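Asker: Next comes input_20.cif, mmCIF, C-alpha atoms:
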data_structure
#
loop_
_atom_site.label_atom_id
_atom_site.label_comp_id
_atom_site.auth_asym_id
_atom_site.auth_seq_id
_atom_site.Cartn_x
_atom_site.Cartn_y
_atom_site.Cartn_z
CA MET A 1 -6.39 2.59 16.55
CA THR A 2 -2.59 2.64 16.46
CA HIS A 3 -2.38 1.40 12.89
CA ALA A 4 -4.77 4.10 11.68
CA ALA A 5 -2.79 6.85 13.41
CA LEU A 6 0.53 5.57 12.05
CA GLY A 7 -0.91 5.25 8.55
CA GLU A 8 -2.56 8.63 8.45
CA ILE A 9 0.45 10.47 9.87
CA GLY A 10 2.52 8.61 7.28
CA ALA A 11 0.09 9.89 4.63
CA LEU A 12 0.44 13.44 5.96
CA ALA A 13 4.22 13.07 5.71
CA PHE A 14 3.85 12.36 2.00
CA LEU A 15 1.43 15.25 1.61
CA TRP A 16 4.23 17.35 3.07
CA VAL A 17 6.62 15.80 0.52
CA ALA A 18 4.34 16.78 -2.36
CA VAL A 19 3.90 20.34 -1.08
CA GLU A 20 7.65 20.82 -0.60
CA LEU A 21 8.46 19.53 -4.10
CA LEU A 22 5.82 21.68 -5.79
CA SER A 23 7.82 24.81 -4.89
CA PRO A 24 11.36 23.49 -4.97
CA SER A 25 14.43 24.97 -3.42
CA GLU A 26 17.43 23.37 -1.72
CA SER A 27 15.81 23.57 1.71
CA HIS A 28 12.45 22.34 0.40
CA ILE A 29 14.06 19.29 -1.20
CA ARG A 30 15.99 18.57 1.98
CA ARG A 31 12.76 18.74 4.03
CA ALA A 32 10.95 16.60 1.46
CA GLY A 33 13.64 13.95 1.90
CA ILE A 34 13.24 13.98 5.67
CA ALA A 35 9.44 13.84 5.42
CA ALA A 36 9.65 10.94 2.94
CA SER A 37 12.00 9.01 5.24
CA VAL A 38 9.68 9.55 8.21
CA GLY A 39 6.68 8.62 6.07
CA VAL A 40 8.24 5.33 4.90
CA VAL A 41 9.04 4.35 8.50
CA LEU A 42 5.53 5.23 9.69
CA LEU A 43 3.88 3.28 6.88
CA PHE A 44 5.99 0.21 7.62
CA LEU A 45 5.05 0.52 11.30
CA ALA A 46 1.40 0.83 10.22
CA TRP A 47 1.87 -2.41 8.24
CA ILE A 48 3.04 -4.21 11.37
CA ALA A 49 0.47 -2.62 13.72
CA GLY A 50 -2.40 -3.11 11.27
CA GLY A 51 -1.38 -6.67 10.60
CA TYR A 52 -1.25 -7.42 14.30
CA TYR A 53 -4.71 -5.92 14.86
CA TYR A 54 -6.13 -7.71 11.80
CA LEU A 55 -4.76 -11.11 12.85
CA THR A 56 -5.84 -10.82 16.50
CA ASP A 57 -8.76 -8.60 17.56
CA TYR A 58 -10.31 -8.21 14.11
CA GLN A 59 -10.37 -11.96 13.35
CA ALA A 60 -11.66 -12.92 16.81
CA LEU A 61 -13.99 -10.06 17.74
CA VAL A 62 -14.94 -7.92 14.75
CA LYS A 63 -15.15 -10.13 11.66
CA PRO A 64 -17.71 -12.64 13.02
CA VAL A 65 -19.98 -9.83 14.23
CA ILE A 66 -19.91 -8.01 10.89
CA LYS A 67 -20.49 -11.21 8.92
CA ALA A 68 -23.52 -12.07 11.08
CA GLY A 69 -24.96 -8.55 10.86
CA PRO A 70 -26.95 -6.63 8.25
CA TYR A 71 -23.85 -5.48 6.31
CA PRO A 72 -21.67 -8.57 5.75
CA TRP A 73 -20.22 -6.90 2.63
CA ALA A 74 -18.38 -4.54 4.98
CA HIS A 75 -16.02 -7.45 5.58
CA ALA A 76 -16.45 -9.50 2.41
CA VAL A 77 -15.77 -6.57 0.09
CA ILE A 78 -14.33 -3.63 2.02
CA THR A 79 -12.00 -5.39 4.48
CA GLU A 80 -10.79 -7.77 1.79
CA THR A 81 -10.07 -4.84 -0.52
CA LYS A 82 -8.44 -2.79 2.23
CA GLU A 83 -6.13 -5.53 3.48
CA HIS A 84 -4.78 -6.12 -0.01
CA VAL A 85 -4.69 -2.58 -1.43
CA PHE A 86 -2.84 -1.49 1.72
CA LEU A 87 0.07 -3.68 0.61
CA PHE A 88 0.65 -1.34 -2.37
CA ILE A 89 1.31 1.65 -0.15
CA PRO A 90 4.73 0.86 1.37
CA PHE A 91 6.14 0.18 -2.10
CA LEU A 92 4.69 3.43 -3.50
CA ALA A 93 6.23 5.21 -0.52
CA ILE A 94 9.66 3.62 -1.03
CA ALA A 95 9.49 4.59 -4.71
CA ALA A 96 8.78 8.25 -3.90
CA TRP A 97 11.52 8.25 -1.26
CA SER A 98 14.02 6.62 -3.62
CA ILE A 99 13.60 9.36 -6.25
CA ILE A 100 14.20 12.11 -3.70
CA ARG A 101 17.09 10.25 -2.08
CA GLU A 102 18.79 9.34 -5.37
CA ARG A 103 18.37 12.64 -7.19
CA GLY A 104 18.63 14.97 -4.19
CA ILE A 105 19.37 18.55 -5.10
CA THR A 106 19.43 17.76 -8.84
CA LEU A 107 15.63 17.66 -8.56
CA LEU A 108 15.83 21.45 -8.76
CA GLY A 109 16.79 21.23 -12.42
CA ASP A 110 15.02 17.96 -13.25
CA ARG A 111 11.34 18.82 -13.55
CA LYS A 112 10.27 15.38 -14.78
CA ALA A 113 11.93 13.56 -11.87
CA ARG A 114 10.40 16.06 -9.46
CA ILE A 115 6.92 15.51 -10.93
CA ALA A 116 7.51 11.75 -10.68
CA ALA A 117 8.14 12.10 -6.95
CA VAL A 118 5.09 14.37 -6.54
CA VAL A 119 2.88 11.90 -8.44
CA LEU A 120 3.98 9.00 -6.25
CA ALA A 121 3.70 11.03 -3.04
CA GLY A 122 0.21 12.07 -4.13
CA PHE A 123 -0.82 8.49 -4.72
CA VAL A 124 0.51 7.47 -1.30
CA VAL A 125 -1.79 10.13 0.17
CA LEU A 126 -4.71 8.99 -1.99
CA PHE A 127 -4.33 5.33 -1.12
CA ALA A 128 -3.68 5.98 2.59
CA PHE A 129 -6.76 8.18 2.93
CA SER A 130 -8.80 5.56 1.09
CA MET A 131 -7.71 3.20 3.87
CA ALA A 132 -9.27 5.60 6.38
CA GLY A 133 -12.48 5.72 4.35
CA MET A 134 -12.66 1.95 4.15
CA GLY A 135 -11.91 1.71 7.87
CA PHE A 136 -14.88 3.97 8.52
CA ILE A 137 -17.14 1.74 6.41
CA ILE A 138 -15.91 -1.37 8.22
CA SER A 139 -16.48 0.27 11.62
CA SER A 140 -19.97 1.26 10.48
CA GLY A 141 -20.62 -2.36 9.53
CA MET A 142 -19.59 -3.40 13.03
CA ARG A 143 -21.77 -0.70 14.62
CA GLY A 144 -24.74 -1.71 12.47
CA ALA A 145 -24.32 -5.34 13.48
CA LEU A 146 -24.15 -4.46 17.18
CA GLU A 147 -27.25 -2.25 16.89
CA ALA A 148 -29.10 -5.06 15.11
CA GLN A 149 -28.15 -7.43 17.93
CA GLN A 150 -29.40 -4.98 20.57
CA SER A 151 -32.73 -4.50 18.84
CA LEU A 152 -33.51 -8.24 18.94
CA MET B 1 24.43 4.25 -0.35
CA LYS B 2 21.86 5.87 -2.62
CA PRO B 3 18.92 3.83 -3.90
CA ASP B 4 18.53 3.13 -7.60
CA ALA B 5 15.21 4.86 -8.23
CA PRO B 6 14.45 3.31 -11.67
CA ALA B 7 15.09 -0.16 -10.22
CA VAL B 8 12.78 0.63 -7.28
CA LEU B 9 10.04 1.77 -9.66
CA LYS B 10 10.24 -1.39 -11.78
CA ALA B 11 10.39 -3.67 -8.73
CA ALA B 12 7.47 -1.86 -7.07
CA THR B 13 5.35 -2.08 -10.23
CA ILE B 14 5.81 -5.83 -10.61
CA THR B 15 5.28 -6.33 -6.88
CA THR B 16 2.02 -4.39 -7.08
CA TRP B 17 0.71 -6.73 -9.77
CA LEU B 18 1.94 -9.73 -7.81
CA ILE B 19 -0.05 -8.55 -4.78
CA ALA B 20 -3.18 -8.17 -6.91
CA ALA B 21 -2.60 -11.63 -8.40
CA MET B 22 -2.13 -13.19 -4.96
CA ALA B 23 -5.20 -11.41 -3.59
CA ILE B 24 -7.43 -12.82 -6.32
CA GLY B 25 -5.57 -16.10 -6.77
CA ALA B 26 -5.78 -17.05 -3.12
CA GLU B 27 -9.56 -16.66 -3.18
CA ILE B 28 -9.87 -18.80 -6.29
CA SER B 29 -7.36 -21.43 -5.24
CA GLY B 30 -7.63 -22.93 -1.80
CA THR B 31 -4.25 -24.56 -2.42
CA LEU B 32 -2.56 -21.19 -2.89
CA LYS B 33 -4.28 -19.80 0.19
CA ALA B 34 -3.15 -22.78 2.26
CA LEU B 35 0.39 -22.47 0.88
CA LEU B 36 0.58 -18.80 1.84
CA ALA B 37 -0.74 -19.61 5.31
CA SER B 38 1.59 -22.59 5.73
CA PHE B 39 4.80 -20.60 6.10
CA ALA B 40 3.38 -17.51 7.78
CA GLY B 41 0.44 -18.63 9.90
CA HIS B 42 -2.10 -16.60 7.90
CA HIS B 43 -2.46 -16.07 4.15
CA TRP B 44 -2.31 -12.26 4.52
CA THR B 45 0.99 -12.50 6.38
CA GLY B 46 2.18 -14.87 3.66
CA LYS B 47 1.28 -12.31 0.98
CA SER B 48 3.10 -9.61 2.95
CA ILE B 49 6.26 -11.70 3.24
CA VAL B 50 6.18 -12.82 -0.41
CA SER B 51 5.66 -9.26 -1.65
CA LEU B 52 8.59 -7.95 0.41
CA PHE B 53 10.83 -10.83 -0.66
CA VAL B 54 9.95 -10.47 -4.34
CA PHE B 55 10.45 -6.69 -4.19
CA VAL B 56 13.94 -7.08 -2.74
CA ILE B 57 14.90 -9.74 -5.29
CA LEU B 58 13.56 -7.71 -8.22
CA TYR B 59 15.30 -4.54 -6.99
CA THR B 60 18.59 -6.42 -6.73
CA VAL B 61 18.18 -7.74 -10.27
CA PHE B 62 17.09 -4.43 -11.82
CA ARG B 63 19.94 -2.58 -10.11
CA ARG B 64 22.38 -4.56 -12.18
CA ILE B 65 20.67 -3.75 -15.47
CA LYS B 66 21.70 -0.24 -16.50
CA ARG B 67 19.46 1.28 -19.15
CA PRO B 68 18.30 4.80 -19.84
CA ASP B 69 15.24 5.29 -17.68
CA ASN B 70 12.40 7.75 -17.66
CA LEU B 71 11.47 8.32 -14.03
CA LEU B 72 8.22 10.10 -14.84
CA SER B 73 6.97 7.26 -17.08
CA GLY B 74 7.98 4.73 -14.44
CA ALA B 75 6.16 6.67 -11.73
CA ILE B 76 2.99 6.98 -13.81
CA ILE B 77 3.08 3.27 -14.66
CA LEU B 78 3.50 2.42 -10.96
CA ALA B 79 0.68 4.73 -9.92
CA LEU B 80 -1.65 3.39 -12.62
CA SER B 81 -0.72 -0.16 -11.62
CA GLY B 82 -1.88 0.66 -8.10
CA ILE B 83 -5.15 2.09 -9.38
CA LEU B 84 -5.85 -0.77 -11.79
CA GLY B 85 -4.74 -3.37 -9.25
CA GLY B 86 -7.03 -1.80 -6.66
CA VAL B 87 -9.96 -1.73 -9.07
CA ALA B 88 -9.32 -5.37 -9.99
CA ILE B 89 -9.22 -6.42 -6.34
CA PHE B 90 -12.34 -4.45 -5.44
CA GLY B 91 -14.20 -5.70 -8.51
CA PHE B 92 -13.25 -9.28 -7.76
CA PHE B 93 -14.47 -9.12 -4.18
CA VAL B 94 -17.73 -7.43 -5.21
CA ALA B 95 -18.35 -10.22 -7.73
CA HIS B 96 -17.24 -12.84 -5.20
CA PHE B 97 -19.71 -11.48 -2.65
CA LEU B 98 -22.62 -11.15 -5.07
CA LEU B 99 -22.12 -14.52 -6.73
CA GLY B 100 -21.41 -16.36 -3.50
#
What do you get writing this file as structure tokens?
Answerer:
Amino acid sequence: MTHAALGEIGALAFLWVAVELLSPSESHIRRAGIAASVGVVLLFLAWIAGGYYYLTDYQALVKPVIKAGPYPWAHAVITETKEHVFLFIPFLAIAAWSIIRERGITLLGDRKARIAAVVLAGFVVLFAFSMAGMGFIISSGMRGALEAQQSL
Amino acid sequence: MKPDAPAVLKAATITTWLIAAMAIGAEISGTLKALLASFAGHHWTGKSIVSLFVFVILYTVFRRIKRPDNLLSGAIILALSGILGGVAIFGFFVAHFLLG
């Protein structure tokens, strides 16, 4: 899944951001800025790719199978949550990026601003990996539905 | 041009709550769902477009308002908004599924 790869690599970029900022130096802050920029781009691309998949293949092929299977909550609860909570992530990512971009090297002496960026980067990682977890549950719902069909 | 981080934090926080409100509101109100779908083809795309548009507008507005800002408080408020918004969305859809 393209959207999953883009999203998870974007999440890893923000994990990199957090790690760099936890032991700050000029070069670490510079790398954190690059990683944040790459992460924002990847997460926006994941938004587009995920949206395309959701509006095409998922609607036509996956959703009806899950809803007719033994785990309809995989769509009704998990997909519905995932598709909306995902929308938080790009804005969290932009917020983390904006702190690093605005404050730059002054983050070395501004501990609170640095922690702010780490907190937001950490939450990007948390939310993005929760997307992966929910994706696994949704896929399991699809698999369960297909297995139920085959056993009939 | 450097971004205005405090303005981004405020805009992102309000946008997060708007997304949560649209997520729940569109399930409660068929009219809202149809409105979101009417200009974007699908209500989810409509929510995406509205959230981006509102974020940009709010950022532009907050950029012009210069006040002392605490980045750490703003970041924590944004992060907690994401958590609470996510819990609200999940809780709503659980209730929606169980109650039919």
Asker: Counting only C-alpha atoms, find residues at most 12 Å from (6.8, 3.8, 5.3) (file frame) and give them as a PyMOL selection string.
Answerer: chain A and resi 6-14+35-48+86-98+121+124-125+128
Asker: Here's the selection I'm unsure about, the PyMOL selection byres ((chain A) within 8 of (chain B)); applied to the file above, which residues does it give, as a PyMOL selection string?
Answerer: chain A and resi 51+55+73+76-78+80-81+83-85+87-88+91-92+94-95+98-99+101-102+112-113+115-117+119-120+123
Asker: What does the distance from CA of Arg143 in chain A to CA of Phe129 in chain A come to in Å, to one decimal?
Answerer: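 Pair CA of Arg143 in chain A / CA of Phe129 in chain A returns 21.0 Å.
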Asker: When you draw a straight line from CA of Ala18 in chain A to CA of Ile100 in chain A, how long is it in Å?
Answerer: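 Computing the Euclidean distance for CA of Ala18 in chain A and CA of Ile100 in chain A yields 11.0 Å.
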Asker: Quick one: apply the PyMOL selection byres ((chain B and resi 33) around 10) to the file and drop the selected residues here as a PyMOL selection string.
Answerer: chain B and resi 22-23+25-32+34-38+42-44+46-47
Asker: Which value, in Å to one decimal, gives the distance between CA of Gly135 in chain A and CA of Glu20 in chain A?
Answerer: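 About the pair CA of Gly135 in chain A and CA of Glu20 in chain A: they are 28.6 Å apart.
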Asker: What's around Tyr58 in chain A at 12 Å? Count all atoms listed in the file, leave out sequence neighbours fewer than 5 positions away in its own chain, and write the answer as an MDAnalysis selection string.
Answerer: chainID A and resid 1 50:53 63:67 75 79 83 135 138:139 142
Asker: Select, from A:Ala132, A:Leu108, A:Ala145, A:Leu126, the residue with the minimum atom-to-atom distance to His28 in chain A, counting only C-alpha atoms.
Answerer: A:Leu108
Asker: Let me make sure I understand: among A:Thr56, A:Ala5, A:Gly104, A:Gly133, which one has the smallest atom-to-atom distance to Ile34 in chain A if we use all atoms listed in the file?
Answerer: A:Gly104
Asker: Please rebuild range 36-51 of chain B with N, CA, C and O atoms and return the result as a CSV table (one decimal), keeping the file's coordinate frame.
Answerer:
chain,number,residue,atom,x,y,z
B,36,LEU,N,0.2,-20.1,1.3
B,36,LEU,CA,0.6,-18.8,1.8
B,36,LEU,C,0.5,-18.8,3.4
B,36,LEU,O,1.3,-18.2,4.1
B,37,ALA,N,-0.6,-19.5,3.9
B,37,ALA,CA,-0.7,-19.6,5.3
B,37,ALA,C,0.3,-20.6,5.9
B,37,ALA,O,0.6,-20.4,7.1
B,38,SER,N,0.8,-21.5,5.2
B,38,SER,CA,1.6,-22.6,5.7
B,38,SER,C,2.9,-22.1,6.3
B,38,SER,O,3.4,-22.6,7.3
B,39,PHE,N,3.5,-21.1,5.6
B,39,PHE,CA,4.8,-20.6,6.1
B,39,PHE,C,4.7,-19.3,6.9
B,39,PHE,O,5.7,-18.8,7.4
B,40,ALA,N,3.5,-18.8,7.1
B,40,ALA,CA,3.4,-17.5,7.8
B,40,ALA,C,2.3,-17.5,8.8
B,40,ALA,O,2.0,-16.5,9.5
B,41,GLY,N,1.5,-18.6,8.9
B,41,GLY,CA,0.4,-18.6,9.9
B,41,GLY,C,-0.9,-18.1,9.4
B,41,GLY,O,-1.9,-18.6,9.8
B,42,HIS,N,-0.9,-17.2,8.5
B,42,HIS,CA,-2.1,-16.6,7.9
B,42,HIS,C,-1.8,-16.2,6.5
B,42,HIS,O,-0.7,-15.7,6.2
B,43,HIS,N,-2.7,-16.3,5.6
B,43,HIS,CA,-2.5,-16.1,4.2
B,43,HIS,C,-2.1,-14.6,3.9
B,43,HIS,O,-1.3,-14.3,3.1
B,44,TRP,N,-2.6,-13.7,4.7
B,44,TRP,CA,-2.3,-12.3,4.5
B,44,TRP,C,-0.8,-12.0,4.9
B,44,TRP,O,-0.1,-11.3,4.2
B,45,THR,N,-0.4,-12.6,6.0
B,45,THR,CA,1.0,-12.5,6.4
B,45,THR,C,1.9,-13.1,5.3
B,45,THR,O,3.0,-12.6,5.0
B,46,GLY,N,1.4,-14.2,4.7
B,46,GLY,CA,2.2,-14.9,3.7
B,46,GLY,C,2.3,-13.9,2.5
B,46,GLY,O,3.4,-13.8,1.9
B,47,LYS,N,1.2,-13.3,2.1
B,47,LYS,CA,1.3,-12.3,1.0
B,47,LYS,C,2.2,-11.2,1.3
B,47,LYS,O,3.0,-10.7,0.4
B,48,SER,N,2.2,-10.7,2.6
B,48,SER,CA,3.1,-9.6,3.0
B,48,SER,C,4.6,-10.0,2.8
B,48,SER,O,5.4,-9.3,2.2
B,49,ILE,N,4.9,-11.2,3.3
B,49,ILE,CA,6.3,-11.7,3.2
B,49,ILE,C,6.7,-11.9,1.8
B,49,ILE,O,7.8,-11.5,1.4
B,50,VAL,N,5.8,-12.6,1.0
B,50,VAL,CA,6.2,-12.8,-0.4
B,50,VAL,C,6.4,-11.5,-1.2
B,50,VAL,O,7.3,-11.4,-1.9
B,51,SER,N,5.5,-10.5,-0.9
B,51,SER,CA,5.7,-9.3,-1.6
B,51,SER,C,7.0,-8.6,-1.3
B,51,SER,O,7.7,-8.0,-2.2
